[in-house]
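Asks: Please find protein.cif (mmCIF, C-alpha atoms) on the next line:
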data_model
loop_
_atom_site.label_atom_id
_atom_site.label_comp_id
_atom_site.auth_asym_id
_atom_site.auth_seq_id
_atom_site.Cartn_x
_atom_site.Cartn_y
_atom_site.Cartn_z
CA MET H 92 -6.96 -5.21 -53.10
CA LYS H 93 -7.32 -2.02 -51.16
CA ILE H 94 -8.06 -3.75 -47.86
CA LYS H 95 -4.94 -2.76 -45.92
CA ALA H 96 -4.86 0.80 -47.23
CA TYR H 97 -8.53 1.46 -46.48
CA ALA H 98 -8.45 -0.08 -43.02
CA ALA H 99 -5.18 1.54 -41.97
CA SER H 100 -6.28 4.93 -43.33
CA ALA H 101 -9.58 4.78 -41.45
CA ALA H 102 -7.83 3.88 -38.19
CA ASP H 103 -5.20 6.56 -38.76
CA ALA H 104 -7.93 9.17 -39.20
CA ARG H 105 -9.56 8.00 -35.97
CA MET H 106 -6.30 8.10 -34.04
CA ALA H 107 -5.66 11.63 -35.36
CA GLY H 108 -9.03 12.77 -34.02
CA THR H 109 -10.84 13.23 -37.32
CA PRO H 110 -14.46 14.01 -36.42
CA MET H 111 -16.12 11.30 -38.50
CA PRO H 112 -18.41 8.58 -37.21
CA VAL H 113 -17.40 4.94 -37.42
CA MET H 114 -19.37 1.81 -36.60
CA SER H 115 -17.85 -0.02 -33.68
CA SER H 116 -17.59 -3.74 -33.09
CA ALA H 117 -17.35 -5.28 -29.62
CA GLY H 118 -17.27 -1.76 -28.17
CA SER H 119 -14.34 -0.39 -30.19
CA GLY H 120 -14.19 1.87 -33.23
CA ASN H 121 -10.95 0.36 -34.48
CA HIS H 122 -12.40 -3.11 -34.01
CA GLY H 123 -15.28 -1.91 -36.19
CA VAL H 124 -12.90 -0.69 -38.88
CA THR H 125 -11.11 -4.06 -38.86
CA ALA H 126 -14.27 -6.15 -38.73
CA ILE H 127 -16.18 -4.23 -41.42
CA LEU H 128 -13.88 -2.72 -44.05
CA PRO H 129 -12.09 -5.89 -45.24
CA VAL H 130 -15.44 -7.63 -45.74
CA ALA H 131 -16.95 -4.59 -47.47
CA VAL H 132 -13.93 -4.13 -49.76
CA CYS H 133 -14.03 -7.81 -50.77
CA ALA H 134 -17.78 -7.60 -51.36
CA ALA H 135 -17.33 -4.59 -53.65
CA HIS H 136 -14.38 -6.17 -55.48
CA TYR H 137 -16.23 -9.43 -56.10
CA LYS H 138 -19.52 -7.62 -56.85
CA LYS H 139 -21.51 -9.31 -54.09
CA GLU H 140 -25.16 -8.43 -53.49
CA ARG H 141 -26.07 -6.06 -50.67
CA GLU H 142 -27.81 -8.79 -48.63
CA GLU H 143 -24.82 -11.14 -48.96
CA THR H 144 -22.54 -8.32 -47.84
CA ALA H 145 -24.73 -7.47 -44.85
CA LYS H 146 -24.81 -11.12 -43.73
CA ALA H 147 -21.04 -11.43 -44.04
CA ILE H 148 -20.47 -8.23 -42.05
CA ALA H 149 -22.90 -9.48 -39.39
CA PHE H 150 -20.95 -12.76 -39.33
CA SER H 151 -17.74 -10.76 -38.84
CA HIS H 152 -19.27 -8.82 -35.93
CA LEU H 153 -20.46 -12.04 -34.29
CA ALA H 154 -17.07 -13.70 -34.65
CA THR H 155 -15.30 -10.58 -33.32
CA SER H 156 -17.67 -10.44 -30.36
CA TYR H 157 -17.13 -14.14 -29.63
CA VAL H 158 -13.36 -13.72 -29.37
CA LYS H 159 -13.69 -10.48 -27.35
CA SER H 160 -16.18 -12.09 -24.97
CA ARG H 161 -13.52 -14.64 -24.10
CA THR H 162 -10.40 -12.45 -24.07
CA GLY H 163 -12.09 -9.55 -22.25
CA ARG H 164 -12.55 -5.87 -22.99
CA LEU H 165 -9.03 -5.08 -21.80
CA SER H 166 -6.46 -7.63 -22.80
CA PRO H 167 -2.69 -7.65 -23.25
CA THR H 168 -3.27 -8.80 -26.84
CA CYS H 169 -4.29 -6.38 -29.59
CA GLY H 170 -8.02 -6.83 -30.11
CA CYS H 171 -7.91 -5.13 -33.51
CA THR H 172 -5.65 -7.78 -34.99
CA VAL H 173 -6.66 -10.77 -32.90
CA ALA H 174 -10.41 -10.47 -32.28
CA ALA H 175 -11.48 -8.21 -35.14
CA GLY H 176 -8.94 -9.73 -37.53
CA ALA H 177 -10.40 -13.16 -36.78
CA GLY H 178 -13.88 -11.72 -37.26
CA ALA H 179 -12.94 -10.22 -40.62
CA ALA H 180 -11.40 -13.52 -41.73
CA ALA H 181 -14.64 -15.27 -40.82
CA GLY H 182 -16.71 -12.62 -42.58
CA ILE H 183 -14.69 -12.71 -45.80
CA THR H 184 -14.69 -16.50 -45.86
CA TYR H 185 -18.43 -16.63 -45.23
CA LEU H 186 -19.00 -14.01 -47.95
CA MET H 187 -17.15 -16.14 -50.47
CA THR H 188 -18.22 -19.66 -49.42
CA LYS H 189 -21.38 -19.43 -47.24
CA ASP H 190 -19.63 -22.09 -45.12
CA ALA H 191 -19.46 -21.42 -41.36
CA GLU H 192 -16.94 -24.24 -40.84
CA LYS H 193 -14.53 -22.71 -43.34
CA ALA H 194 -15.06 -19.34 -41.64
CA ALA H 195 -14.02 -20.91 -38.32
CA GLU H 196 -10.93 -22.37 -40.00
CA ALA H 197 -9.97 -18.90 -41.23
CA MET H 198 -10.32 -17.66 -37.66
CA LEU H 199 -7.92 -20.40 -36.51
CA LEU H 200 -5.32 -19.17 -39.00
CA ILE H 201 -5.60 -15.58 -37.74
CA LEU H 202 -5.46 -16.63 -34.11
CA GLY H 203 -2.39 -18.77 -34.77
CA ASN H 204 -0.78 -15.98 -36.79
CA LEU H 205 -1.46 -12.87 -34.70
CA ALA H 206 -2.13 -14.10 -31.15
CA GLY H 207 1.13 -12.66 -29.83
CA MET H 208 0.54 -9.09 -31.00
CA MET H 209 0.43 -6.99 -27.86
CA CYS H 210 -1.62 -3.92 -27.09
CA ASP H 211 0.55 -1.06 -25.87
CA GLY H 212 -2.18 1.57 -25.72
CA ALA H 213 -4.23 3.60 -28.17
CA LYS H 214 -1.97 5.63 -30.45
CA TYR H 215 -1.25 6.37 -34.10
CA THR H 216 0.51 3.03 -34.74
CA CYS H 217 -2.81 1.30 -34.05
CA ALA H 218 -3.47 2.12 -37.71
CA LEU H 219 -0.63 -0.19 -38.69
CA LYS H 220 -2.02 -2.97 -36.52
CA VAL H 221 -5.51 -2.47 -37.98
CA GLY H 222 -4.02 -2.71 -41.48
CA THR H 223 -2.19 -5.90 -40.50
CA GLY H 224 -5.32 -7.49 -39.07
CA ALA H 225 -7.30 -6.52 -42.16
CA ILE H 226 -4.91 -7.89 -44.77
CA GLU H 227 -4.11 -11.04 -42.78
CA ALA H 228 -7.86 -11.68 -42.56
CA TYR H 229 -7.98 -11.66 -46.35
CA HIS H 230 -4.94 -13.93 -46.57
CA ALA H 231 -6.47 -16.39 -44.09
CA ALA H 232 -9.69 -16.49 -46.12
CA LEU H 233 -7.73 -17.17 -49.33
CA ILE H 234 -5.74 -19.96 -47.68
CA VAL H 235 -8.86 -21.69 -46.36
CA MET H 236 -10.70 -21.25 -49.66
CA GLY H 237 -7.66 -22.81 -51.33
CA GLY H 238 -8.27 -26.02 -49.41
CA HIS H 239 -5.90 -25.69 -46.45
CA HIS H 240 -7.23 -27.02 -43.15
CA PRO H 241 -5.41 -25.72 -40.06
CA GLU H 242 -3.96 -28.41 -37.81
CA ALA H 243 -3.67 -28.34 -34.03
CA GLN H 244 -0.22 -26.89 -33.39
CA GLY H 245 1.13 -24.12 -31.19
CA LEU H 246 -1.83 -22.14 -29.82
CA VAL H 247 -4.16 -23.54 -32.47
CA GLY H 248 -6.27 -26.26 -30.90
CA HIS H 249 -8.57 -28.89 -32.37
CA ASN H 250 -11.36 -26.37 -32.89
CA LEU H 251 -12.19 -22.69 -32.47
CA GLU H 252 -13.34 -22.95 -28.86
CA ASN H 253 -10.20 -24.86 -27.84
CA THR H 254 -8.00 -22.33 -29.65
CA VAL H 255 -9.65 -19.36 -27.93
CA ASP H 256 -9.29 -21.21 -24.60
CA ASN H 257 -5.57 -21.55 -25.33
CA MET H 258 -5.30 -17.85 -26.12
CA VAL H 259 -7.09 -16.91 -22.91
CA THR H 260 -4.73 -19.15 -20.91
CA VAL H 261 -1.64 -17.56 -22.47
CA SER H 262 -3.08 -14.06 -22.15
CA LYS H 263 -4.07 -14.41 -18.49
CA ASN H 264 -1.22 -16.60 -17.24
CA GLY H 265 1.64 -15.92 -19.61
CA MET H 266 1.15 -12.20 -20.21
CA GLU H 267 -0.15 -11.10 -16.80
CA ASN H 268 2.85 -8.81 -16.23
CA LEU H 269 2.78 -7.29 -19.72
CA ASP H 270 0.54 -4.34 -18.84
CA ARG H 271 2.72 -3.50 -15.83
CA ALA H 272 5.88 -3.71 -17.96
CA ILE H 273 4.40 -1.47 -20.68
CA ILE H 274 3.35 1.14 -18.10
CA GLU H 275 6.86 1.00 -16.61
CA VAL H 276 8.41 1.62 -20.04
CA ILE H 277 6.06 4.54 -20.71
CA ASN H 278 6.64 6.06 -17.27
CA GLN H 279 10.43 5.92 -17.77
CA ARG H 280 10.03 8.47 -20.56
CA PHE H 281 8.65 10.97 -18.09
CA ALA H 282 11.08 10.28 -15.23
#
Translate the structure of the given file into structure tokens.
Replies:
Amino acid sequence: MKIKAYAASAADARMAGTPMPVMSSAGSGNHGVTAILPVAVCAAHYKKEREETAKAIAFSHLATSYVKSRTGRLSPTCGCTVAAGAGAAAGITYLMTKDAEKAAEAMLLILGNLAGMMCDGAKYTCALKVGTGAIEAYHAALIVMGGHHPEAQGLVGHNLENTVDNMVTVSKNGMENLDRAIIEVINQRFA
């Protein structure tokens, strides 16, 4: 699968300032890359119809927007991997199964896997994070389609809403000083 290469390359081009349009998701171009390309690549690989593909991409956007609406526009966690990665996992799973419950289970796997990835500002290594979110979305979809059902453990709760609540709690209470610490590290370079 070309998922990671395509997604990381698109984000790398964006971070380098390439003047090409990209569709955003939840207000971010890199979120759009992560939410759309993995679903589109899977659809092409598995020869899905255009309407099926469009519905799955819409599902991915909705799932991405749901997570972002809870975590906030600016969050200490990387929205490309966490929110858009979860959206892509939902979109791929929905594309392959037409089952919204399985799509939510794939989101749980992504949230449990990548919830701790921090955002340390927009820069060229965002491409690596986008690639990680994209390929892990595919892996989560495969795991769920293989019959695995995520259990409540760690940050993963009994359902999607509970899991996102847990992430918000950790993000707001447990990572509240992260932004300040990152700014301090960056400022030390210029001191």
Asks: When the PyMOL selection byres ((chain H and resi 216) around 12) is applied to the file above, which residues end up in the set, as number ranges by chain?
Replies: H: 99-100, 102-107, 121, 169, 171, 210-215, 217-223
Asks: As a check of understanding, name the residues that the PyMOL selection byres ((chain H and resi 174-177) around 9) selects in the supplied structure, as a count of residues only.
Replies: 44
Asks: Run through the PyMOL selection byres ((chain H and resi 269-272) around 9) on the given coordinates and return the selected residues as a list of chain:residue names.
Replies: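 Selected by the PyMOL selection byres ((chain H and resi 269-272) around 9) in this file: H:Ser166, H:Pro167, H:Met209, H:Cys210, H:Asp211, H:Gly265, H:Met266, H:Glu267, H:Asn268, H:Ile273, H:Ile274, H:Glu275, H:Val276, H:Ile277.
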Asks: Choose the residue, out of H:Ser262, H:Glu143, H:Ala206, H:Ala282, that has the smallest atom-to-atom separation from H:Gly245; count all atoms listed in the file.
Replies: H:Ala206
Asks: To one decimal in Å, tell me the separation between atom CA of H:Asn250 and atom CA of H:Arg161.
Replies: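 Taking atom CA of H:Asn250 as the start and atom CA of H:Arg161 as the end point, the length is 14.8 Å.
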Asks: Pick the closest to H:Cys133 from H:Gln279, H:Asn257, H:Thr184, H:Asn264: which is it, counting only C-alpha atoms?
Replies: H:Thr184
Asks: Just the number, please: distance in Å from atom CA of H:Ala191 to atom CA of H:Gly248, one decimal.
Replies: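 Calculated distance between atom CA of H:Ala191 and atom CA of H:Gly248 is 17.5 Å.
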Asks: Between H:Leu186, H:Leu233, H:Ala131, H:Met111, which one has atoms that come closest to H:Tyr97, using all atoms listed in the file?
Replies: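 Among H:Leu186, H:Leu233, H:Ala131, H:Met111, it is H:Ala131 that comes nearest to H:Tyr97.
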Asks: Rounded to one decimal place, report the atom CA of H:Met236-atom CA of H:Thr188 distance in Å.
Replies: 7.7 Å
Asks: H:Val247, H:Ile234, H:Val113, H:Met187: which is nearest H:Ala147, counting only C-alpha atoms?
Replies: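 Among H:Val247, H:Ile234, H:Val113, H:Met187, it is H:Met187 that comes nearest to H:Ala147.
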Asks: Given all atoms listed in the file as the basis, pick out the residue of H:Tyr185, H:Gly238, H:Ser160, H:Glu252 nearest to H:Ala145.
Replies: H:Tyr185
Asks: Once you've located stretch 145-178 of chain H in the structure I gave, write it as a compact mmCIF listing (two decimals), in the first residue's frame, keeping N, CA and C atoms.
Replies:
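Written file, out-v1.txt:
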# COMPACT_ATOMS: atom_id res chain seq x y z
N ALA H 145 -16.69 8.38 -1.92
CA ALA H 145 -17.13 9.69 -1.42
C ALA H 145 -17.77 9.56 -0.04
N LYS H 146 -18.59 8.54 0.16
CA LYS H 146 -19.23 8.34 1.46
C LYS H 146 -18.19 8.03 2.54
N ALA H 147 -17.21 7.22 2.20
CA ALA H 147 -16.17 6.87 3.18
C ALA H 147 -15.32 8.09 3.54
N ILE H 148 -15.01 8.92 2.55
CA ILE H 148 -14.24 10.14 2.83
C ILE H 148 -15.08 11.10 3.68
N ALA H 149 -16.36 11.21 3.38
CA ALA H 149 -17.25 12.04 4.21
C ALA H 149 -17.28 11.51 5.64
N PHE H 150 -17.34 10.19 5.78
CA PHE H 150 -17.33 9.57 7.11
C PHE H 150 -16.04 9.93 7.85
N SER H 151 -14.92 9.90 7.12
CA SER H 151 -13.63 10.26 7.71
C SER H 151 -13.63 11.71 8.18
N HIS H 152 -14.15 12.61 7.35
CA HIS H 152 -14.23 14.03 7.75
C HIS H 152 -15.09 14.20 9.00
N LEU H 153 -16.23 13.52 9.04
CA LEU H 153 -17.12 13.63 10.20
C LEU H 153 -16.44 13.12 11.47
N ALA H 154 -15.76 11.99 11.36
CA ALA H 154 -15.08 11.42 12.52
C ALA H 154 -13.94 12.33 12.97
N THR H 155 -13.18 12.87 12.02
CA THR H 155 -12.10 13.81 12.34
C THR H 155 -12.67 15.03 13.06
N SER H 156 -13.75 15.57 12.52
CA SER H 156 -14.37 16.76 13.11
C SER H 156 -14.92 16.48 14.50
N TYR H 157 -15.43 15.28 14.71
CA TYR H 157 -15.93 14.92 16.04
C TYR H 157 -14.80 14.98 17.06
N VAL H 158 -13.68 14.34 16.75
CA VAL H 158 -12.56 14.34 17.70
C VAL H 158 -12.04 15.76 17.91
N LYS H 159 -11.87 16.52 16.81
CA LYS H 159 -11.37 17.89 16.93
C LYS H 159 -12.32 18.78 17.72
N SER H 160 -13.62 18.56 17.58
CA SER H 160 -14.59 19.38 18.31
C SER H 160 -14.45 19.19 19.81
N ARG H 161 -13.94 18.06 20.21
CA ARG H 161 -13.78 17.76 21.63
C ARG H 161 -12.39 18.15 22.14
N THR H 162 -11.36 17.93 21.33
CA THR H 162 -10.00 18.24 21.78
C THR H 162 -9.66 19.71 21.60
N GLY H 163 -10.35 20.40 20.70
CA GLY H 163 -10.11 21.82 20.46
C GLY H 163 -9.20 22.06 19.27
N ARG H 164 -9.30 23.28 18.72
CA ARG H 164 -8.49 23.63 17.55
C ARG H 164 -7.00 23.59 17.86
N LEU H 165 -6.63 24.08 19.03
CA LEU H 165 -5.24 24.03 19.47
C LEU H 165 -5.18 23.08 20.66
N SER H 166 -4.37 22.06 20.52
CA SER H 166 -4.29 21.02 21.54
C SER H 166 -2.84 20.59 21.67
N PRO H 167 -2.43 20.15 22.85
CA PRO H 167 -1.07 19.64 22.99
C PRO H 167 -0.84 18.34 22.21
N THR H 168 -1.92 17.65 21.83
CA THR H 168 -1.76 16.42 21.05
C THR H 168 -1.79 16.73 19.56
N CYS H 169 -1.11 15.93 18.78
CA CYS H 169 -1.04 16.12 17.33
C CYS H 169 -2.37 15.74 16.70
N GLY H 170 -3.06 16.73 16.17
CA GLY H 170 -4.36 16.48 15.54
C GLY H 170 -4.28 15.66 14.28
N CYS H 171 -3.13 15.72 13.59
CA CYS H 171 -2.99 14.94 12.35
C CYS H 171 -3.01 13.45 12.65
N THR H 172 -2.32 13.04 13.69
CA THR H 172 -2.30 11.61 14.01
C THR H 172 -3.52 11.20 14.81
N VAL H 173 -3.89 12.02 15.79
CA VAL H 173 -4.96 11.63 16.71
C VAL H 173 -6.34 11.82 16.07
N ALA H 174 -6.69 13.05 15.74
CA ALA H 174 -8.04 13.32 15.20
C ALA H 174 -8.20 12.81 13.77
N ALA H 175 -7.30 13.24 12.89
CA ALA H 175 -7.44 12.84 11.48
C ALA H 175 -7.06 11.38 11.28
N GLY H 176 -6.12 10.86 12.07
CA GLY H 176 -5.81 9.43 12.00
C GLY H 176 -7.01 8.59 12.40
N ALA H 177 -7.70 9.03 13.46
CA ALA H 177 -8.92 8.33 13.87
C ALA H 177 -9.99 8.44 12.79
N GLY H 178 -10.09 9.62 12.18
CA GLY H 178 -11.06 9.80 11.09
C GLY H 178 -10.76 8.88 9.92
